[in-house]
Structures are given as structure tokens and as C-alpha cells.
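Enquirer: I am sharing model20.txt, which consists of compact mmCIF, C-alpha atoms:
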# COMPACT_ATOMS: atom_id res chain seq x y z
CA ASP Y 1 -2.34 -7.35 -17.67
CA THR Y 2 -3.00 -3.65 -17.60
CA GLY Y 3 -2.63 -3.26 -13.85
CA VAL Y 4 -5.09 -1.78 -11.38
CA SER Y 5 -7.05 1.09 -12.84
CA GLN Y 6 -8.75 3.85 -10.84
CA ASP Y 7 -11.15 6.50 -12.06
CA PRO Y 8 -11.16 9.44 -11.81
CA ARG Y 9 -7.55 10.43 -11.09
CA HIS Y 10 -8.66 13.69 -9.55
CA LYS Y 11 -11.96 14.85 -8.05
CA ILE Y 12 -12.79 18.28 -6.69
CA THR Y 13 -16.10 18.61 -4.90
CA LYS Y 14 -17.89 20.93 -2.55
CA ARG Y 15 -18.56 20.03 1.05
CA GLY Y 16 -21.80 18.11 1.40
CA GLN Y 17 -21.74 16.56 -2.07
CA ASN Y 18 -21.56 12.83 -2.72
CA VAL Y 19 -18.69 11.32 -4.69
CA THR Y 20 -18.06 7.86 -6.12
CA PHE Y 21 -14.75 6.32 -7.16
CA ARG Y 22 -14.23 3.24 -9.27
CA CYS Y 23 -11.50 0.62 -9.16
CA ASP Y 24 -10.86 -2.06 -11.78
CA PRO Y 25 -8.53 -4.71 -10.38
CA ILE Y 26 -6.22 -7.04 -12.26
CA SER Y 27 -8.61 -9.47 -13.89
CA GLU Y 28 -7.71 -12.73 -12.17
CA HIS Y 29 -7.31 -11.19 -8.70
CA ASN Y 30 -9.91 -12.24 -6.16
CA ARG Y 31 -8.98 -9.81 -3.39
CA LEU Y 32 -9.51 -6.06 -3.50
CA TYR Y 33 -8.50 -3.43 -0.96
CA TRP Y 34 -9.18 0.26 -0.41
CA TYR Y 35 -6.71 2.50 1.38
CA ARG Y 36 -6.65 6.23 2.13
CA GLN Y 37 -3.52 8.36 2.24
CA THR Y 38 -3.08 11.90 3.50
CA LEU Y 39 -0.09 14.11 2.82
CA GLY Y 40 3.10 12.92 4.49
CA GLN Y 41 1.54 9.74 5.85
CA GLY Y 42 1.55 6.15 4.71
CA PRO Y 43 -1.63 4.59 3.31
CA GLU Y 44 -4.28 3.53 5.86
CA PHE Y 45 -6.43 0.44 5.39
CA LEU Y 46 -10.14 1.10 4.84
CA THR Y 47 -11.76 -2.12 3.68
CA TYR Y 48 -11.19 -5.45 1.95
CA PHE Y 49 -13.17 -7.75 -0.36
CA GLN Y 50 -12.66 -11.34 -1.22
CA ASN Y 51 -14.61 -11.87 -4.41
CA GLU Y 52 -17.88 -10.00 -3.82
CA ALA Y 53 -17.87 -10.34 -0.02
CA GLN Y 54 -16.73 -7.39 2.08
CA LEU Y 55 -14.86 -9.15 4.87
CA GLU Y 56 -13.37 -6.34 6.92
CA LYS Y 57 -13.93 -2.64 7.42
CA SER Y 58 -11.71 -0.26 9.34
CA ARG Y 59 -13.25 1.98 11.98
CA LEU Y 60 -11.94 4.78 9.76
CA LEU Y 61 -14.80 3.90 7.42
CA SER Y 62 -17.62 5.97 8.88
CA ASP Y 63 -21.30 5.54 8.02
CA ARG Y 64 -20.85 8.06 5.21
CA PHE Y 65 -18.57 5.63 3.39
CA SER Y 66 -19.78 2.60 1.50
CA ALA Y 67 -17.93 0.20 -0.75
CA GLU Y 68 -19.25 -2.45 -3.07
CA ARG Y 69 -17.82 -5.07 -5.35
CA PRO Y 70 -20.72 -6.51 -7.32
CA LYS Y 71 -19.97 -9.80 -9.09
CA GLY Y 72 -16.47 -9.79 -7.60
CA SER Y 73 -15.01 -7.66 -10.36
CA PHE Y 74 -14.74 -3.85 -10.20
CA SER Y 75 -15.38 -1.98 -6.96
CA THR Y 76 -16.85 1.39 -6.08
CA LEU Y 77 -16.23 3.55 -3.04
CA GLU Y 78 -18.88 6.16 -2.29
CA ILE Y 79 -18.56 9.01 0.17
CA GLN Y 80 -21.80 10.75 1.10
CA ARG Y 81 -22.02 14.30 2.45
CA THR Y 82 -18.31 14.91 1.98
CA GLU Y 83 -16.36 16.86 4.58
CA GLN Y 84 -13.07 18.73 4.23
CA GLY Y 85 -11.41 16.01 6.32
CA ASP Y 86 -12.20 13.51 3.57
CA SER Y 87 -9.63 15.20 1.32
CA ALA Y 88 -7.02 12.53 0.62
CA MET Y 89 -5.69 10.09 -1.95
CA TYR Y 90 -7.89 6.99 -2.19
CA LEU Y 91 -5.91 3.97 -3.29
CA CYS Y 92 -7.20 0.65 -4.55
CA ALA Y 93 -5.15 -2.54 -4.60
CA SER Y 94 -5.80 -6.08 -5.75
CA SER Y 95 -4.16 -9.41 -5.12
CA LEU Y 96 -4.45 -13.11 -5.64
CA ARG Y 97 -5.14 -15.05 -2.50
CA GLY Y 98 -2.16 -17.19 -1.52
CA ALA Y 99 0.80 -17.65 0.80
CA ASP Y 100 2.92 -15.13 -1.10
CA GLU Y 101 0.28 -12.48 -1.43
CA LYS Y 102 1.46 -9.26 -3.03
CA LEU Y 103 -0.69 -6.19 -3.41
CA PHE Y 104 -0.77 -4.33 -6.71
CA PHE Y 105 -1.88 -0.73 -6.28
CA GLY Y 106 -3.52 1.66 -8.66
CA SER Y 107 -2.40 5.27 -9.01
CA GLY Y 108 -5.20 6.47 -6.78
CA THR Y 109 -7.95 9.07 -6.86
CA GLN Y 110 -7.01 12.43 -5.33
CA LEU Y 111 -10.07 13.94 -3.65
CA SER Y 112 -10.21 17.60 -2.73
CA VAL Y 113 -13.23 18.79 -0.73
CA LEU Y 114 -13.67 22.57 -0.81
CA ASP T 1 1.08 -6.99 13.45
CA ALA T 2 4.53 -6.04 14.68
CA LYS T 3 5.59 -2.41 14.56
CA THR T 4 8.54 -1.33 12.43
CA THR T 5 11.03 1.51 12.84
CA GLN T 6 12.78 3.11 9.87
CA PRO T 7 14.96 6.20 9.44
CA THR T 8 13.02 9.18 8.18
CA SER T 9 15.31 9.87 5.25
CA MET T 10 18.46 8.68 3.51
CA ASP T 11 20.63 9.89 0.65
CA CYS T 12 22.46 7.80 -1.92
CA ALA T 13 24.69 8.61 -4.88
CA GLU T 14 23.57 7.30 -8.25
CA GLY T 15 25.24 3.98 -9.07
CA ARG T 16 26.03 3.17 -5.45
CA ALA T 17 24.24 0.62 -3.31
CA ALA T 18 21.40 1.89 -1.15
CA ASN T 19 21.01 0.03 2.15
CA LEU T 20 17.73 0.75 3.91
CA PRO T 21 17.43 -0.58 7.47
CA CYS T 22 14.31 -1.60 9.34
CA ASN T 23 13.84 -2.67 12.96
CA HIS T 24 11.02 -5.04 13.85
CA SER T 25 12.00 -6.34 17.28
CA THR T 26 8.50 -7.60 18.17
CA ILE T 27 8.09 -9.74 15.06
CA SER T 28 6.53 -13.13 15.71
CA GLY T 29 7.43 -16.46 14.16
CA ASN T 30 4.80 -16.52 11.43
CA GLU T 31 5.13 -12.90 10.33
CA TYR T 32 6.73 -11.89 7.05
CA VAL T 33 8.78 -8.79 6.28
CA TYR T 34 7.49 -6.95 3.21
CA TRP T 35 8.96 -3.94 1.42
CA TYR T 36 6.98 -1.59 -0.76
CA ARG T 37 7.98 1.74 -2.26
CA GLN T 38 5.98 4.74 -3.38
CA ILE T 39 7.21 7.05 -6.08
CA HIS T 40 5.69 10.52 -6.03
CA SER T 41 2.07 10.63 -7.30
CA GLN T 42 1.87 6.85 -7.71
CA GLY T 43 0.48 4.01 -5.64
CA PRO T 44 2.83 1.82 -3.61
CA GLN T 45 4.78 -0.83 -5.52
CA TYR T 46 5.71 -4.24 -4.13
CA ILE T 47 9.47 -4.83 -3.98
CA ILE T 48 10.27 -8.01 -2.06
CA HIS T 49 9.33 -10.03 1.00
CA GLY T 50 10.83 -12.75 3.20
CA LEU T 51 10.28 -14.86 6.29
CA LYS T 52 13.67 -16.07 7.53
CA ASN T 53 16.04 -16.46 4.63
CA ASN T 54 17.65 -13.74 2.57
CA GLU T 55 15.83 -13.07 -0.66
CA THR T 56 16.82 -11.55 -4.00
CA ASN T 57 14.83 -10.59 -7.05
CA GLU T 58 15.32 -8.35 -10.04
CA MET T 59 14.63 -5.24 -8.01
CA ALA T 60 16.44 -5.73 -4.71
CA SER T 61 17.86 -7.98 -2.02
CA LEU T 62 16.45 -8.48 1.45
CA ILE T 63 18.74 -9.42 4.31
CA ILE T 64 16.99 -10.60 7.50
CA THR T 65 19.06 -11.03 10.67
CA GLU T 66 19.15 -14.45 12.27
CA ASP T 67 17.02 -13.31 15.21
CA ARG T 68 14.62 -11.70 12.70
CA LYS T 69 14.52 -8.48 14.72
CA SER T 70 15.82 -6.35 11.86
CA SER T 71 16.27 -6.38 8.12
CA THR T 72 17.97 -4.41 5.35
CA LEU T 73 16.69 -3.72 1.87
CA ILE T 74 19.53 -3.39 -0.62
CA LEU T 75 19.22 -1.66 -3.98
CA PRO T 76 22.55 -2.71 -5.51
CA HIS T 77 22.98 0.08 -8.07
CA ALA T 78 20.63 2.94 -7.23
CA THR T 79 19.31 5.09 -10.08
CA LEU T 80 17.51 8.42 -10.01
CA ARG T 81 14.27 6.49 -10.60
CA ASP T 82 14.73 4.79 -7.24
CA THR T 83 14.00 8.07 -5.44
CA ALA T 84 10.88 7.19 -3.42
CA VAL T 85 9.46 6.48 0.02
CA TYR T 86 10.31 2.94 1.10
CA TYR T 87 8.00 1.14 3.53
CA CYS T 88 9.01 -1.85 5.65
CA ILE T 89 5.93 -3.78 6.82
CA VAL T 90 5.59 -6.84 9.01
CA THR T 91 2.47 -8.90 8.48
CA GLY T 92 1.17 -12.39 8.98
CA THR T 93 -0.42 -14.74 6.49
CA GLY T 94 -3.99 -14.19 5.53
CA PHE T 95 -5.32 -11.06 3.92
CA GLN T 96 -2.85 -8.21 3.61
CA LYS T 97 -4.17 -5.53 5.93
CA LEU T 98 -0.84 -3.78 5.55
CA VAL T 99 0.01 -1.23 8.24
CA PHE T 100 2.17 1.41 6.58
CA GLY T 101 4.28 3.68 8.74
CA THR T 102 5.83 6.86 7.40
CA GLY T 103 8.67 4.96 5.70
CA THR T 104 12.13 6.11 4.63
CA ARG T 105 12.39 8.84 2.03
CA LEU T 106 15.33 7.84 -0.20
CA LEU T 107 16.87 10.53 -2.37
CA VAL T 108 19.21 9.33 -5.10
CA SER T 109 21.39 12.13 -6.45
CA PRO T 110 23.63 12.33 -9.55
Could I get this structure in the form of C-alpha cells?
Expert:
Amino acid sequence: DTGVSQDPRHKITKRGQNVTFRCDPISEHNRLYWYRQTLGQGPEFLTYFQNEAQLEKSRLLSDRFSAERPKGSFSTLEIQRTEQGDSAMYLCASSLRGADEKLFFGSGTQLSVL
Amino acid sequence: DAKTTQPTSMDCAEGRAANLPCNHSTISGNEYVYWYRQIHSQGPQYIIHGLKNNETNEMASLIITEDRKSSTLILPHATLRDTAVYYCIVTGTGFQKLVFGTGTRLLVSP
């Protein structure tokens, strides 16, 4: 068990560019979550997958955001036409469905939009 | 999900117990109390959770009042590595759409 892995750790981009982040969950985990965190605030829920199905999306996830989890393994989060307000830490977490569900978070991808 | 209230910050001397309070007066019968912490530049880390009874694991103890309207996370012998933001979250069963507040910033000093 190597934990939840996120790539890249840091991304600097110019406004208007597209960016894609990758998350590799813990191998046996069937649930995967994306959160966003800005400075001084707690993480905010963006979206959630159970296996390959995306079951809930926050209204924070505008049309410029898309997430996928093909084959129920790794996940990608793409932001199109980035804006300065997209600058944040993007966190991925995974878990095993059950009564005592615990989320295991990665170290996040820090996005800076110039 | 019920809302929680936590102090903004707390200090603790290394080696002493850190007691972090949380109010969740609107908690409903099937909602759990979860605690996570976030060390600088890392993702949140699960600590402990409970429903009604007090719980203990290798990291901490969780004391939930009988009316379930408040709880206390106890780190029995705080170390410098315990300096972090601690989040108290109330959530039901089902998928963990955790609602993080701003948490308590715990500073452990030598």
C-alpha cells in the first residue's frame, strides 16, 4: 500500500490554458473523491466516483471542469480555459465502501494560474 | 449534515495532553463524528470517528457527550509533529461528502 498518489505536485499555467491532474488511489479502494482547497480554508467537495461511475458533482464544478475514472482505477481532473480563481490545491482521496468509511488523501496538486 | 463549531486555534506544550473541543448541537441520530487533521503541505489524515461511545486508537481518543451535542479529541502526549489543523466533521452513512470547516489550528511548542 503506497497510499494515494497525485501528479503533478505543482502546476503553474497561464490563464486560458487547459490543465489535467492525475490521481492514483489505493488499489483496492472503490470510491474516489476530488476536493479543492484554497488558502486558509478547509477542503471543499468537488465530485465523487464509485468504481467508474461519477455519482455526484458539486455546483462548484463548472462546465470547464471534467473528471473521469476509466475502468474504475486512476482518475483525471481536467480544467479547461483556466482562470485565476482556479488557483488552489486539488486533493484526491480514496476509500473502501463500508459502514466505517475513512478517506485517505493524497498530498494534492497545487495549481497556480498566472 | 450537521454543522460543527471549533475554536480557531489552541496551544499545547510538548508532552502534555491536547484536548480539542467540537460542538455539533444539531447532530442527528445516524450521524457520526469524524476527526481529520492536516499537516502543512499535506492532504488531510483520518484520525478517529465515533457514533455514541467513546473511542480510542493508536493516535487519539474521542469523547462524545451523552447527548451527542459535543465531543473532544484527546491527543494524550502531544509532540511537535502533532502541530496541524484539526477538523471535526459530522456526517451520515453513505459516501463521505465531508464538509470541512476551518478547523482548529493546534500549535505544539517545546
Enquirer: Per residue of chain T within 12 Å of chain Y, note the shortest atom pair and the distance in Å to one decimal, counting all atoms listed in the file, and order the rows by chain and increasing residue number, as JSON lines.
Expert:
{"residue": "T:Thr8", "atom": "CA", "partner": "Y:Gly40", "partner_atom": "CA", "distance": 11.2}
{"residue": "T:Asn30", "atom": "CA", "partner": "Y:Ala99", "partner_atom": "CA", "distance": 11.4}
{"residue": "T:Glu31", "atom": "CA", "partner": "Y:Ala99", "partner_atom": "CA", "distance": 11.5}
{"residue": "T:Tyr32", "atom": "CA", "partner": "Y:Asp100", "partner_atom": "CA", "distance": 9.6}
{"residue": "T:Val33", "atom": "CA", "partner": "Y:Asp100", "partner_atom": "CA", "distance": 11.4}
{"residue": "T:Tyr34", "atom": "CA", "partner": "Y:Lys102", "partner_atom": "CA", "distance": 9.0}
{"residue": "T:Trp35", "atom": "CA", "partner": "Y:Lys102", "partner_atom": "CA", "distance": 10.2}
{"residue": "T:Tyr36", "atom": "CA", "partner": "Y:Leu103", "partner_atom": "CA", "distance": 9.3}
{"residue": "T:Arg37", "atom": "CA", "partner": "Y:Gly42", "partner_atom": "CA", "distance": 10.5}
{"residue": "T:Gln38", "atom": "CA", "partner": "Y:Gly42", "partner_atom": "CA", "distance": 9.3}
{"residue": "T:Ile39", "atom": "CA", "partner": "Y:Ser107", "partner_atom": "CA", "distance": 10.2}
{"residue": "T:His40", "atom": "CA", "partner": "Y:Ser107", "partner_atom": "CA", "distance": 10.1}
{"residue": "T:Ser41", "atom": "CA", "partner": "Y:Ser107", "partner_atom": "CA", "distance": 7.2}
{"residue": "T:Gln42", "atom": "CA", "partner": "Y:Ser107", "partner_atom": "CA", "distance": 4.7}
{"residue": "T:Gly43", "atom": "CA", "partner": "Y:Ser107", "partner_atom": "CA", "distance": 4.6}
{"residue": "T:Pro44", "atom": "CA", "partner": "Y:Phe105", "partner_atom": "CA", "distance": 6.0}
{"residue": "T:Gln45", "atom": "CA", "partner": "Y:Phe104", "partner_atom": "CA", "distance": 6.7}
{"residue": "T:Tyr46", "atom": "CA", "partner": "Y:Lys102", "partner_atom": "CA", "distance": 6.7}
{"residue": "T:Ile47", "atom": "CA", "partner": "Y:Lys102", "partner_atom": "CA", "distance": 9.2}
{"residue": "T:Ile48", "atom": "CA", "partner": "Y:Lys102", "partner_atom": "CA", "distance": 9.0}
{"residue": "T:His49", "atom": "CA", "partner": "Y:Asp100", "partner_atom": "CA", "distance": 8.5}
{"residue": "T:Gly50", "atom": "CA", "partner": "Y:Asp100", "partner_atom": "CA", "distance": 9.3}
{"residue": "T:Leu51", "atom": "CA", "partner": "Y:Asp100", "partner_atom": "CA", "distance": 10.4}
{"residue": "T:Val85", "atom": "CA", "partner": "Y:Gly42", "partner_atom": "CA", "distance": 9.2}
{"residue": "T:Tyr86", "atom": "CA", "partner": "Y:Gly42", "partner_atom": "CA", "distance": 10.0}
{"residue": "T:Tyr87", "atom": "CA", "partner": "Y:Gly42", "partner_atom": "CA", "distance": 8.3}
{"residue": "T:Cys88", "atom": "CA", "partner": "Y:Gly42", "partner_atom": "CA", "distance": 11.0}
{"residue": "T:Ile89", "atom": "CA", "partner": "Y:Gly42", "partner_atom": "CA", "distance": 11.1}
{"residue": "T:Thr91", "atom": "CA", "partner": "Y:Glu101", "partner_atom": "CA", "distance": 10.8}
{"residue": "T:Gly92", "atom": "CA", "partner": "Y:Ala99", "partner_atom": "CA", "distance": 9.7}
{"residue": "T:Thr93", "atom": "CA", "partner": "Y:Ala99", "partner_atom": "CA", "distance": 6.5}
{"residue": "T:Gly94", "atom": "CA", "partner": "Y:Ala99", "partner_atom": "CA", "distance": 7.6}
{"residue": "T:Phe95", "atom": "CA", "partner": "Y:Arg97", "partner_atom": "CA", "distance": 7.6}
{"residue": "T:Gln96", "atom": "CA", "partner": "Y:Glu101", "partner_atom": "CA", "distance": 7.3}
{"residue": "T:Lys97", "atom": "CA", "partner": "Y:Phe45", "partner_atom": "CA", "distance": 6.4}
{"residue": "T:Leu98", "atom": "CA", "partner": "Y:Phe45", "partner_atom": "CA", "distance": 7.0}
{"residue": "T:Val99", "atom": "CA", "partner": "Y:Glu44", "partner_atom": "CA", "distance": 6.8}
{"residue": "T:Phe100", "atom": "CA", "partner": "Y:Gly42", "partner_atom": "CA", "distance": 5.1}
{"residue": "T:Gly101", "atom": "CA", "partner": "Y:Gly42", "partner_atom": "CA", "distance": 5.5}
{"residue": "T:Thr102", "atom": "CA", "partner": "Y:Gly42", "partner_atom": "CA", "distance": 5.1}
{"residue": "T:Gly103", "atom": "CA", "partner": "Y:Gly42", "partner_atom": "CA", "distance": 7.3}
{"residue": "T:Thr104", "atom": "CA", "partner": "Y:Gly42", "partner_atom": "CA", "distance": 10.6}
{"residue": "T:Arg105", "atom": "CA", "partner": "Y:Gly40", "partner_atom": "CA", "distance": 10.4}
Enquirer: Give the answer as one residue: which of Y:Glu78, Y:Gly85, Y:Ser94, Y:Leu114 has the shortest atom-to-atom distance to Y:Val19, using all atoms listed in the file?
Expert: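 Among Y:Glu78, Y:Gly85, Y:Ser94, Y:Leu114, it is Y:Glu78 that comes nearest to Y:Val19.
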Enquirer: Would you work out the distance separating atom CA of Y:Ser112 from atom CA of Y:Arg81, expressed in Å to one decimal?
Expert: 13.3 Å
Enquirer: To one decimal place in Å, what is the distance between atom CA of Y:Ser75 and atom CA of Y:Val113?
Expert: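 For atom CA of Y:Ser75 relative to atom CA of Y:Val113, the distance reads 21.8 Å.
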Enquirer: Rounded to one decimal, what separation in Å do you get between atom CA of T:Arg16 and atom CA of T:Ala84?
Expert: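 For atom CA of T:Arg16 relative to atom CA of T:Ala84, the distance reads 15.8 Å.
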Enquirer: So, counting only C-alpha atoms, which residue among T:Arg68, T:His77, T:Leu107, T:Asp82 is closest to T:Ser28?
Expert: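 Under the stated criterion, the closest residue is T:Arg68.
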Enquirer: Could you list, as JSON, numbers by chain, every residue within 10 Å of Y:Phe74, counting all atoms listed in the file and ignoring same-chain residues fewer than 2 positions away?
Expert: {"Y": [4, 5, 6, 22, 23, 24, 25, 26, 27, 32, 51, 52, 68, 69, 70, 71, 72, 76]}
Enquirer: With C-alpha atoms kept, could you save the residues just selected as a compact mmCIF listing (two decimals), in the frame of the given file?
Expert:
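Listing of again_19.txt after writing:
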# COMPACT_ATOMS: atom_id res chain seq x y z
CA VAL Y 4 -5.09 -1.78 -11.38
CA SER Y 5 -7.05 1.09 -12.84
CA GLN Y 6 -8.75 3.85 -10.84
CA ARG Y 22 -14.23 3.24 -9.27
CA CYS Y 23 -11.50 0.62 -9.16
CA ASP Y 24 -10.86 -2.06 -11.78
CA PRO Y 25 -8.53 -4.71 -10.38
CA ILE Y 26 -6.22 -7.04 -12.26
CA SER Y 27 -8.61 -9.47 -13.89
CA LEU Y 32 -9.51 -6.06 -3.50
CA ASN Y 51 -14.61 -11.87 -4.41
CA GLU Y 52 -17.88 -10.00 -3.82
CA GLU Y 68 -19.25 -2.45 -3.07
CA ARG Y 69 -17.82 -5.07 -5.35
CA PRO Y 70 -20.72 -6.51 -7.32
CA LYS Y 71 -19.97 -9.80 -9.09
CA GLY Y 72 -16.47 -9.79 -7.60
CA THR Y 76 -16.85 1.39 -6.08
